[in-house]
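Okay, entry_13.csv is below, CSV, C-alpha atoms and all ligand atoms:
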chain,number,residue,atom,x,y,z
A,5,MET,CA,182.1,-27.0,-36.7
A,6,ARG,CA,180.8,-29.7,-34.3
A,7,VAL,CA,182.5,-29.2,-31.0
A,8,LEU,CA,182.5,-31.7,-28.1
A,9,VAL,CA,183.3,-30.1,-24.7
A,10,GLY,CA,184.1,-32.2,-21.7
A,11,GLY,CA,183.0,-30.4,-18.5
A,12,GLY,CA,181.2,-27.9,-20.7
A,13,THR,CA,178.5,-27.3,-18.0
A,14,GLY,CA,180.9,-25.4,-15.7
A,15,PHE,CA,182.1,-21.8,-15.3
A,16,ILE,CA,184.4,-21.6,-18.4
A,17,GLY,CA,182.3,-24.1,-20.4
A,18,THR,CA,179.2,-22.0,-20.2
A,19,ALA,CA,180.9,-18.9,-21.4
A,20,LEU,CA,182.7,-20.9,-24.2
A,21,THR,CA,179.5,-22.5,-25.3
A,22,GLN,CA,177.8,-19.1,-25.7
A,23,LEU,CA,180.6,-17.8,-27.8
A,24,LEU,CA,180.8,-21.0,-29.9
A,25,LYS,CA,177.1,-20.9,-30.6
A,26,ALA,CA,177.2,-17.2,-31.5
A,27,ARG,CA,179.9,-18.1,-34.1
A,28,GLY,CA,177.7,-20.8,-35.6
A,29,HIS,CA,179.4,-23.8,-34.1
A,30,GLU,CA,177.4,-26.8,-32.8
A,31,VAL,CA,178.2,-27.8,-29.2
A,32,THR,CA,177.7,-31.1,-27.3
A,33,TRP,CA,178.8,-31.4,-23.7
A,34,VAL,CA,180.3,-34.5,-22.1
A,35,SER,CA,179.0,-34.6,-18.5
A,36,ARG,CA,178.5,-36.9,-15.6
A,37,GLN,CA,174.8,-36.3,-15.8
A,38,PRO,CA,172.7,-37.1,-18.9
A,39,GLY,CA,170.5,-34.3,-20.4
A,40,PRO,CA,169.6,-32.5,-23.5
A,41,GLY,CA,172.6,-31.4,-25.7
A,42,ARG,CA,175.0,-33.7,-23.8
A,43,THR,CA,176.4,-37.1,-23.7
A,44,THR,CA,177.9,-38.8,-20.6
A,45,TRP,CA,181.4,-40.1,-19.9
A,46,SER,CA,180.0,-43.7,-19.6
A,47,GLU,CA,178.4,-43.4,-23.0
A,48,LEU,CA,181.7,-42.1,-24.5
A,49,SER,CA,183.5,-45.0,-23.0
A,50,ARG,CA,180.9,-47.5,-24.3
A,51,SER,CA,180.4,-46.1,-27.8
A,52,GLY,CA,183.5,-44.1,-28.6
A,53,LEU,CA,183.8,-40.6,-30.0
A,54,PRO,CA,180.6,-39.1,-31.6
A,55,LEU,CA,181.3,-37.5,-35.0
A,56,CYS,CA,182.9,-34.1,-34.3
A,57,ASP,CA,185.5,-31.7,-35.6
A,58,VAL,CA,187.0,-30.5,-32.4
A,59,VAL,CA,187.3,-31.9,-28.8
A,60,ILE,CA,187.9,-29.6,-25.8
A,61,ASN,CA,188.3,-30.8,-22.2
A,62,LEU,CA,187.4,-28.6,-19.3
A,63,ALA,CA,186.3,-31.3,-16.8
A,64,GLY,CA,187.8,-31.3,-13.3
A,65,GLU,CA,186.7,-31.2,-9.7
A,66,ASN,CA,186.9,-27.6,-8.3
A,67,VAL,CA,190.3,-27.4,-6.6
A,68,LEU,CA,189.6,-24.3,-4.5
A,69,ASN,CA,186.2,-25.5,-3.1
A,70,PRO,CA,186.5,-24.1,0.5
A,71,ARG,CA,183.9,-26.6,1.7
A,72,ARG,CA,186.2,-29.6,0.9
A,73,ARG,CA,189.1,-30.5,3.2
A,74,TRP,CA,192.5,-30.9,1.5
A,75,ASN,CA,192.8,-34.6,2.4
A,76,GLU,CA,193.9,-37.7,0.5
A,77,ALA,CA,190.4,-38.5,-0.8
A,78,PHE,CA,189.8,-35.0,-2.2
A,79,GLN,CA,193.3,-34.9,-3.7
A,80,LYS,CA,192.5,-38.1,-5.5
A,81,GLU,CA,189.2,-36.7,-6.9
A,82,VAL,CA,191.1,-33.5,-8.1
A,83,LEU,CA,193.6,-35.8,-9.9
A,84,THR,CA,191.3,-38.5,-11.3
A,85,SER,CA,188.6,-36.1,-12.5
A,86,ARG,CA,191.2,-34.5,-14.8
A,87,LEU,CA,193.3,-37.5,-15.7
A,88,ASP,CA,190.5,-40.0,-16.4
A,89,THR,CA,188.4,-37.7,-18.5
A,90,THR,CA,191.4,-36.5,-20.5
A,91,HIS,CA,192.6,-40.1,-21.0
A,92,LEU,CA,189.2,-41.2,-22.1
A,93,LEU,CA,188.9,-38.4,-24.7
A,94,ALA,CA,192.4,-39.0,-26.0
A,95,LYS,CA,191.8,-42.7,-26.3
A,96,ALA,CA,188.4,-42.1,-28.1
A,97,ILE,CA,190.1,-39.7,-30.5
A,98,THR,CA,192.9,-42.2,-31.2
A,99,LYS,CA,190.3,-44.9,-32.0
A,100,ALA,CA,187.9,-42.8,-34.0
A,101,GLU,CA,187.3,-43.7,-37.6
A,102,HIS,CA,187.1,-40.0,-38.4
A,103,PRO,CA,189.4,-38.3,-36.0
A,104,PRO,CA,188.7,-34.6,-35.2
A,105,ARG,CA,190.8,-31.8,-36.6
A,106,ALA,CA,191.8,-30.4,-33.2
A,107,TRP,CA,192.0,-31.5,-29.5
A,108,ILE,CA,192.3,-28.8,-26.9
A,109,LEU,CA,193.0,-29.2,-23.2
A,110,VAL,CA,192.9,-26.4,-20.6
A,111,THR,CA,195.4,-26.9,-17.7
A,112,GLY,CA,196.9,-24.3,-15.4
A,113,VAL,CA,199.9,-22.0,-14.8
A,114,ALA,CA,200.6,-24.0,-11.6
A,115,TYR,CA,203.0,-25.8,-14.0
A,116,TYR,CA,205.5,-22.9,-13.4
A,117,LYS,CA,207.2,-22.6,-10.0
A,118,PRO,CA,206.0,-19.6,-8.0
A,119,SER,CA,208.7,-17.0,-7.8
A,120,PRO,CA,209.0,-13.3,-7.0
A,121,THR,CA,211.6,-12.8,-9.8
A,122,GLU,CA,211.3,-15.4,-12.6
A,123,GLU,CA,209.2,-14.7,-15.7
A,124,TYR,CA,207.7,-17.7,-17.5
A,125,ASP,CA,206.7,-18.2,-21.1
A,126,GLU,CA,205.4,-21.3,-22.8
A,127,ASP,CA,208.9,-22.7,-23.3
A,128,SER,CA,209.9,-22.3,-19.6
A,129,PRO,CA,210.6,-25.4,-17.6
A,130,GLY,CA,208.3,-26.5,-14.8
A,131,GLY,CA,205.9,-29.3,-13.9
A,132,ASN,CA,207.9,-31.2,-11.4
A,133,PHE,CA,208.1,-29.5,-8.0
A,134,ASP,CA,204.8,-29.9,-6.1
A,135,PHE,CA,201.3,-31.6,-6.2
A,136,PHE,CA,199.8,-29.1,-8.6
A,137,SER,CA,202.8,-28.9,-11.0
A,138,ASN,CA,203.0,-32.7,-11.1
A,139,LEU,CA,199.2,-32.8,-11.8
A,140,VAL,CA,199.6,-30.5,-14.8
A,141,THR,CA,202.5,-32.7,-16.1
A,142,LYS,CA,200.4,-35.9,-15.8
A,143,TRP,CA,197.3,-34.1,-17.2
A,144,GLU,CA,199.2,-32.9,-20.3
A,145,GLU,CA,200.8,-36.3,-20.8
A,146,ALA,CA,197.3,-37.9,-20.6
A,147,ALA,CA,196.2,-35.7,-23.5
A,148,ARG,CA,199.1,-36.6,-25.8
A,149,LEU,CA,198.1,-38.4,-29.0
A,150,PRO,CA,200.3,-40.5,-31.2
A,151,GLY,CA,200.6,-39.3,-34.7
A,152,GLU,CA,199.7,-36.0,-36.3
A,153,SER,CA,196.2,-36.4,-37.8
A,154,THR,CA,194.7,-34.3,-35.0
A,155,ARG,CA,196.1,-30.8,-34.1
A,156,GLN,CA,196.9,-30.8,-30.3
A,157,VAL,CA,196.8,-27.6,-28.2
A,158,VAL,CA,197.2,-27.1,-24.4
A,159,VAL,CA,196.1,-23.8,-22.9
A,160,ARG,CA,197.7,-23.2,-19.5
A,161,SER,CA,195.2,-20.9,-17.8
A,162,GLY,CA,195.7,-18.3,-15.1
A,163,VAL,CA,193.0,-17.3,-12.7
A,164,VAL,CA,189.8,-16.9,-14.8
A,165,LEU,CA,187.9,-13.7,-14.0
A,166,GLY,CA,184.3,-13.6,-15.0
A,167,ARG,CA,180.8,-12.9,-13.8
A,168,GLY,CA,178.9,-15.5,-11.7
A,169,GLY,CA,181.7,-17.9,-10.8
A,170,GLY,CA,185.3,-18.7,-10.4
A,171,ALA,CA,187.6,-16.6,-8.1
A,172,ILE,CA,185.6,-13.4,-8.4
A,173,GLY,CA,182.4,-15.3,-7.4
A,174,GLN,CA,184.0,-16.1,-4.1
A,175,MET,CA,185.5,-12.6,-3.5
A,176,LEU,CA,182.7,-10.4,-4.5
A,177,LEU,CA,180.7,-10.3,-1.3
A,178,PRO,CA,183.6,-9.3,1.1
A,179,PHE,CA,184.9,-6.7,-1.5
A,180,ARG,CA,181.4,-5.3,-1.9
A,181,LEU,CA,181.2,-4.9,1.9
A,182,GLY,CA,184.5,-3.1,1.9
A,183,LEU,CA,186.1,-6.0,3.7
A,184,GLY,CA,188.3,-7.1,0.8
A,185,GLY,CA,192.1,-6.9,0.5
A,186,PRO,CA,195.3,-8.6,-0.5
A,187,ILE,CA,195.9,-12.3,0.4
A,188,GLY,CA,198.9,-12.9,2.6
A,189,SER,CA,201.8,-10.5,1.8
A,190,GLY,CA,200.1,-9.4,-1.4
A,191,HIS,CA,203.5,-9.3,-3.1
A,192,GLN,CA,202.9,-12.6,-5.0
A,193,PHE,CA,202.1,-12.4,-8.7
A,194,PHE,CA,198.5,-12.9,-9.7
A,195,PRO,CA,198.3,-14.3,-13.3
A,196,TRP,CA,194.8,-13.6,-14.5
A,197,ILE,CA,192.6,-13.7,-17.6
A,198,HIS,CA,189.2,-12.3,-18.4
A,199,ILE,CA,186.8,-15.2,-19.2
A,200,GLY,CA,185.9,-13.7,-22.6
A,201,ASP,CA,189.6,-13.9,-23.5
A,202,LEU,CA,190.1,-17.5,-22.3
A,203,ALA,CA,187.0,-18.5,-24.4
A,204,GLY,CA,188.5,-16.4,-27.2
A,205,ILE,CA,191.9,-18.2,-27.1
A,206,LEU,CA,190.1,-21.5,-27.2
A,207,ILE,CA,188.1,-20.4,-30.2
A,208,HIS,CA,191.3,-19.1,-31.8
A,209,ALA,CA,193.0,-22.5,-31.2
A,210,LEU,CA,190.0,-24.3,-32.7
A,211,GLU,CA,189.6,-22.1,-35.8
A,212,ALA,CA,193.2,-21.3,-36.7
A,213,ASN,CA,194.9,-24.3,-38.3
A,214,HIS,CA,198.4,-23.0,-37.6
A,215,VAL,CA,198.0,-23.1,-33.8
A,216,GLN,CA,199.4,-26.1,-31.9
A,217,GLY,CA,201.4,-26.8,-28.7
A,218,VAL,CA,201.2,-24.9,-25.5
A,219,LEU,CA,199.6,-21.4,-25.2
A,220,ASN,CA,199.6,-19.5,-21.9
A,221,GLY,CA,196.1,-18.4,-21.1
A,222,VAL,CA,196.9,-15.2,-19.2
A,223,ALA,CA,196.4,-11.5,-20.1
A,224,PRO,CA,199.4,-9.7,-21.5
A,225,ALA,CA,199.3,-7.3,-18.5
A,226,SER,CA,199.2,-10.3,-16.2
A,227,THR,CA,202.3,-9.2,-14.3
A,228,THR,CA,200.0,-8.0,-11.6
A,229,THR,CA,200.6,-8.7,-7.9
A,230,ASN,CA,197.8,-9.9,-5.6
A,231,ALA,CA,197.8,-6.5,-3.8
A,232,GLU,CA,197.4,-4.6,-7.1
A,233,PHE,CA,194.6,-7.0,-8.0
A,234,ALA,CA,192.8,-6.3,-4.7
A,235,GLN,CA,193.2,-2.6,-5.2
A,236,ALA,CA,191.9,-2.7,-8.7
A,237,LEU,CA,188.8,-4.8,-7.7
A,238,GLY,CA,188.1,-2.4,-4.8
A,239,ALA,CA,188.4,0.5,-7.3
A,240,ALA,CA,186.0,-1.2,-9.8
A,241,LEU,CA,183.5,-1.6,-7.0
A,242,GLY,CA,184.1,1.9,-5.5
A,243,ARG,CA,185.0,0.3,-2.2
A,244,PRO,CA,188.2,0.3,0.0
A,245,ALA,CA,190.2,-2.9,-0.2
A,246,PHE,CA,192.8,-2.6,2.6
A,247,ILE,CA,191.9,-5.5,4.9
A,248,PRO,CA,194.5,-8.2,4.3
A,249,VAL,CA,193.6,-11.9,4.7
A,250,PRO,CA,196.4,-13.3,6.8
A,251,SER,CA,198.3,-16.3,5.4
A,252,ILE,CA,197.5,-18.3,8.5
A,253,VAL,CA,193.7,-18.0,7.9
A,254,VAL,CA,194.2,-19.1,4.2
A,255,GLN,CA,196.2,-22.1,5.4
A,256,ALA,CA,193.5,-23.0,8.0
A,257,VAL,CA,190.7,-22.9,5.4
A,258,PHE,CA,192.5,-24.5,2.4
A,259,GLY,CA,195.3,-26.6,4.0
A,260,ARG,CA,199.0,-25.7,3.7
A,261,GLU,CA,199.6,-27.3,0.3
A,262,ARG,CA,196.5,-25.9,-1.4
A,263,ALA,CA,197.0,-22.5,0.2
A,264,THR,CA,200.2,-22.1,-1.9
A,265,MET,CA,197.9,-21.5,-4.9
A,266,LEU,CA,196.7,-18.3,-3.2
A,267,LEU,CA,199.8,-17.3,-1.2
A,268,GLU,CA,202.3,-17.7,-4.0
A,269,GLY,CA,202.2,-16.8,-7.6
A,270,GLN,CA,204.0,-16.8,-10.9
A,271,LYS,CA,204.8,-14.1,-13.5
A,272,VAL,CA,203.5,-15.6,-16.7
A,273,VAL,CA,203.6,-14.1,-20.2
A,274,PRO,CA,201.5,-15.2,-23.2
A,275,ARG,CA,204.4,-15.0,-25.7
A,276,ARG,CA,203.2,-17.8,-28.0
A,277,THR,CA,199.5,-16.9,-27.6
A,278,LEU,CA,200.3,-13.4,-29.0
A,279,ALA,CA,202.7,-14.8,-31.6
A,280,THR,CA,200.0,-17.0,-33.0
A,281,GLY,CA,197.9,-13.9,-33.6
A,282,TYR,CA,195.4,-13.8,-30.8
A,283,GLN,CA,194.1,-10.3,-30.0
A,284,TYR,CA,192.9,-9.7,-26.5
A,285,SER,CA,189.6,-8.0,-25.7
A,286,PHE,CA,190.6,-7.3,-22.1
A,287,PRO,CA,194.4,-6.8,-22.0
A,288,GLU,CA,194.2,-4.4,-19.0
A,289,LEU,CA,193.0,-5.4,-15.5
A,290,GLY,CA,190.9,-2.2,-14.7
A,291,ALA,CA,188.8,-2.6,-17.9
A,292,ALA,CA,188.4,-6.3,-17.3
A,293,LEU,CA,187.2,-5.9,-13.8
A,294,LYS,CA,184.8,-3.0,-14.7
A,295,ASP,CA,183.3,-5.2,-17.3
A,296,ILE,CA,182.8,-8.0,-14.8
A,297,VAL,CA,181.4,-6.1,-11.9
A,298,ALA,CA,179.3,-3.6,-13.9
B,1,LIG,N1,188.4,-21.3,-13.3
B,1,LIG,C1,189.7,-21.0,-13.3
B,1,LIG,O1,190.2,-20.0,-12.7
B,1,LIG,C2,190.7,-22.0,-13.9
B,1,LIG,C3,192.1,-21.7,-13.9
B,1,LIG,C4,193.0,-22.6,-14.5
B,1,LIG,C5,192.5,-23.8,-14.9
B,1,LIG,N2,191.2,-24.1,-14.9
B,1,LIG,C6,190.8,-25.4,-15.3
B,1,LIG,O2,189.8,-25.3,-16.3
B,1,LIG,C7,188.8,-26.3,-16.2
B,1,LIG,C8,187.4,-25.8,-16.2
B,1,LIG,O3,187.4,-24.8,-15.1
B,1,LIG,P1,185.9,-24.3,-14.6
B,1,LIG,O4,186.3,-23.1,-13.7
B,1,LIG,O5,185.0,-24.1,-15.7
B,1,LIG,O6,185.5,-25.5,-13.7
B,1,LIG,P2,184.1,-25.9,-13.0
B,1,LIG,O7,183.1,-24.8,-13.2
B,1,LIG,O8,184.4,-26.2,-11.5
B,1,LIG,O9,183.7,-27.2,-13.6
B,1,LIG,C9,184.0,-27.9,-14.7
B,1,LIG,C10,183.2,-29.1,-15.0
B,1,LIG,O10,183.9,-30.2,-14.6
B,1,LIG,C11,183.0,-31.3,-14.3
B,1,LIG,N3,183.4,-32.0,-13.1
B,1,LIG,C12,183.5,-31.5,-11.8
B,1,LIG,N4,183.9,-32.4,-11.0
B,1,LIG,C13,184.1,-33.5,-11.7
B,1,LIG,C14,184.5,-34.9,-11.4
B,1,LIG,N5,184.7,-35.2,-10.1
B,1,LIG,N6,184.6,-35.8,-12.4
B,1,LIG,C15,184.3,-35.4,-13.7
B,1,LIG,N7,183.9,-34.2,-14.0
B,1,LIG,C16,183.8,-33.3,-13.1
B,1,LIG,C17,181.6,-30.7,-14.1
B,1,LIG,O11,180.8,-31.1,-15.2
B,1,LIG,P3,179.5,-32.1,-15.0
B,1,LIG,O12,178.9,-31.8,-13.6
B,1,LIG,O13,178.6,-31.8,-16.1
B,1,LIG,O14,180.0,-33.5,-15.1
B,1,LIG,C18,181.9,-29.2,-14.2
B,1,LIG,O15,180.8,-28.4,-14.8
B,1,LIG,C19,189.2,-27.2,-15.0
B,1,LIG,O16,189.9,-28.3,-15.3
B,1,LIG,C20,190.1,-26.2,-14.2
B,1,LIG,O17,191.1,-26.9,-13.4
B,1,LIG,C21,190.3,-23.2,-14.3

Representation of the structure as structure tokens:
Amino acid sequence: MRVLVGGGTGFIGTALTQLLKARGHEVTWVSRQPGPGRTTWSELSRSGLPLCDVVINLAGENVLNPRRRWNEAFQKEVLTSRLDTTHLLAKAITKAEHPPRAWILVTGVAYYKPSPTEEYDEDSPGGNFDFFSNLVTKWEEAARLPGESTRQVVVRSGVVLGRGGGAIGQMLLPFRLGLGGPIGSGHQFFPWIHIGDLAGILIHALEANHVQGVLNGVAPASTTTNAEFAQALGAALGRPAFIPVPSIVVQAVFGRERATMLLEGQKVVPRRTLATGYQYSFPELGAALKDIVA
């Protein structure tokens, strides 16, 4: 199939592209920068959707960039980089003479309200209590297409664990030095997924005609707490991981509102993802981390 991937140049997009190509699919990225194998957002807005079978959107400013202050300007970038690209793709799909078979968006589990007790599946309510949950609601609304000619899928992803980027990319150095540990109390849930499985779920959504609606992109054993995650990462590296990062430090670096993404968490289960027939390669945290840090 011909697959168009918005934000395909990033951490998830690179892994997804490798897997798509290995399965014989053709990939074109939509990027802010022109280059080989890609088109740009301005070209898309000028000329409409290029001929393709599936469209996926992964574009978005990195929310947890520690070098950016959590101020109004950055919040706007976080919001518009997701809403504008998603709107543009949805509009281009609606107008296309030959609409694609499937349209897939990756959002986040920040849709569900952090809680030490609640368990959330894809039908659970959410999306209306803070900046991030409101963002997910608007993002998913921006993707909605009128009519049924294109299959629509939203994957609400947990923290994506993979080599060379994402959360692990930022944590690896302190953990390797034996300076890692839980964040804040460590009791908060840490919904995670191996990058190979997130790419796998996207390919499942793209290839299986019966898949539509929301899928949670988390591992089935994702009912891990942050402290358990820190311990497992320390074990995978053969290093102690007992030094906690105090909440106050996290709030100072990320700002109070953004720090909630790290200091609070949700227990999320992939009920629909499993029910649609997806089989995980890395259902267990220990094996997922060993694969990543090996
Ligand atoms: N990584 C995770 O743990 C995780 C968890 C849940 C949800 N997600 C969501 O999954 C998507 C992909 O995540 P990722 O980790 O692969 O992200 P990433 O590596 O930070 O980047 C994704 C791509 O988005 C594009 N982009 C960045 N800033 C942009 C802006 N201001 N305007 C337009 N495009 C911009 C970039 O492509 P160009 O430079 O080519 O334009 C970049 O390669 C994001 O929407 C993210 O919110 C990620």

Neighbours of ligand LIG 1 (chain B) at 8 Å or closer, counting all atoms listed in the file: which residues, as a VMD selection string?
chain A and resid 10 to 18 33 to 37 44 61 to 67 81 to 82 84 to 86 89 110 to 113 160 to 165 169 to 171

Considering all atoms listed in the file, tabulate each residue of stretch 190-217 of chain A that lies at most 10 Å from stretch 121-130 of chain A along with its nearest interatomic pair and the corresponding distance in Å to one decimal; arrange the rows by chain and ascending residue number and present them as a Markdown table.
| residue | atom | partner | partner_atom | distance |
| --- | --- | --- | --- | --- |
| A:Gln192 | CA | A:Thr121 | CA | 9.9 |
| A:Phe193 | CA | A:Thr121 | CA | 9.6 |
| A:Gly217 | CA | A:Glu126 | CA | 9.0 |

Determine the nearest neighbour of A:Thr228 from the options A:Gln270, A:Thr141, A:Gln22, A:Ser119, counting all atoms listed in the file.
A:Gln270

Of the listed residues A:Ile97, A:Leu241, A:Leu202, A:Leu266, that which approaches A:Ile296 most closely, counting all atoms listed in the file:
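Under the stated criterion, the closest residue is A:Leu241.
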
Quick one: residues within 9 Å of A:Phe133, all atoms listed in the file, excluding same-chain residues fewer than 3 positions away - as a PyMOL selection string?
chain A and resi 115-117+130+136-138

Residue nearest A:Leu289 among A:Gly173, A:Gly166, A:Pro250, A:Gly185 (counting only C-alpha atoms):
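With only C-alpha atoms as the atom set, the closest residue is A:Gly166.
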
For atom CA of A:Phe194 and atom CA of A:Thr229, quote the distance in Å rounded to one decimal.
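The value is 5.0 Å.
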
Neighbouring residues of A:Glu47 were defined as those with any atom within 12 Å, considering all atoms listed in the file; residues of the same chain fewer than 2 positions away were excluded. Please report them as a list in words.
Val34, Ser35, Arg36, Gln37, Pro38, Arg42, Thr43, Thr44, Trp45, Ser49, Arg50, Ser51, Gly52, Leu53, Pro54, Leu92, Leu93 and Ala96 of chain A

Store the residues of this selection in a file with C-alpha atoms, as a compact mmCIF listing (two decimals), in the frame of the given file.
# COMPACT_ATOMS: atom_id res chain seq x y z
CA VAL A 34 180.30 -34.50 -22.10
CA SER A 35 179.00 -34.60 -18.50
CA ARG A 36 178.50 -36.90 -15.60
CA GLN A 37 174.80 -36.30 -15.80
CA PRO A 38 172.70 -37.10 -18.90
CA ARG A 42 175.00 -33.70 -23.80
CA THR A 43 176.40 -37.10 -23.70
CA THR A 44 177.90 -38.80 -20.60
CA TRP A 45 181.40 -40.10 -19.90
CA SER A 49 183.50 -45.00 -23.00
CA ARG A 50 180.90 -47.50 -24.30
CA SER A 51 180.40 -46.10 -27.80
CA GLY A 52 183.50 -44.10 -28.60
CA LEU A 53 183.80 -40.60 -30.00
CA PRO A 54 180.60 -39.10 -31.60
CA LEU A 92 189.20 -41.20 -22.10
CA LEU A 93 188.90 -38.40 -24.70
CA ALA A 96 188.40 -42.10 -28.10

For A:Thr154, the nearest of the candidates A:Asn132, A:Thr98, A:Gln283, A:Asn69, counting all atoms listed in the file
A:Thr98

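If you measure from each of A:Arg275, A:His29, A:His208, A:Arg262 to A:Ala114 using only C-alpha atoms, the closest one turns out to be A:Arg262.
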
Counting all atoms listed in the file, closest pick from A:Val253, A:Ala234, A:Leu206, A:Ile172 relative to A:Val297 is A:Ile172

Please indicate the distance in Å from atom CA of A:Gln156 to atom CA of A:Gly204, rounded to one decimal place.
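One can read the atom CA of A:Gln156 to atom CA of A:Gly204 distance as 17.0 Å.
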
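The coordinates place atom CA of A:Gly221 at 7.5 Å from atom CA of A:Thr277.
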
I'd like the contact shell of A:Leu109 - 8 Å cut-off, only C-alpha atoms, skipping same-chain residues fewer than 6 positions apart - returned as a ChimeraX atom specification.
/A:60-62,90,144,147,157-159

Selection to disk with C-alpha atoms, as a CSV table (one decimal), in the coordinates of the input:
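Here's the written file out_6.csv:
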chain,number,residue,atom,x,y,z
A,60,ILE,CA,187.9,-29.6,-25.8
A,61,ASN,CA,188.3,-30.8,-22.2
A,62,LEU,CA,187.4,-28.6,-19.3
A,90,THR,CA,191.4,-36.5,-20.5
A,144,GLU,CA,199.2,-32.9,-20.3
A,147,ALA,CA,196.2,-35.7,-23.5
A,157,VAL,CA,196.8,-27.6,-28.2
A,158,VAL,CA,197.2,-27.1,-24.4
A,159,VAL,CA,196.1,-23.8,-22.9
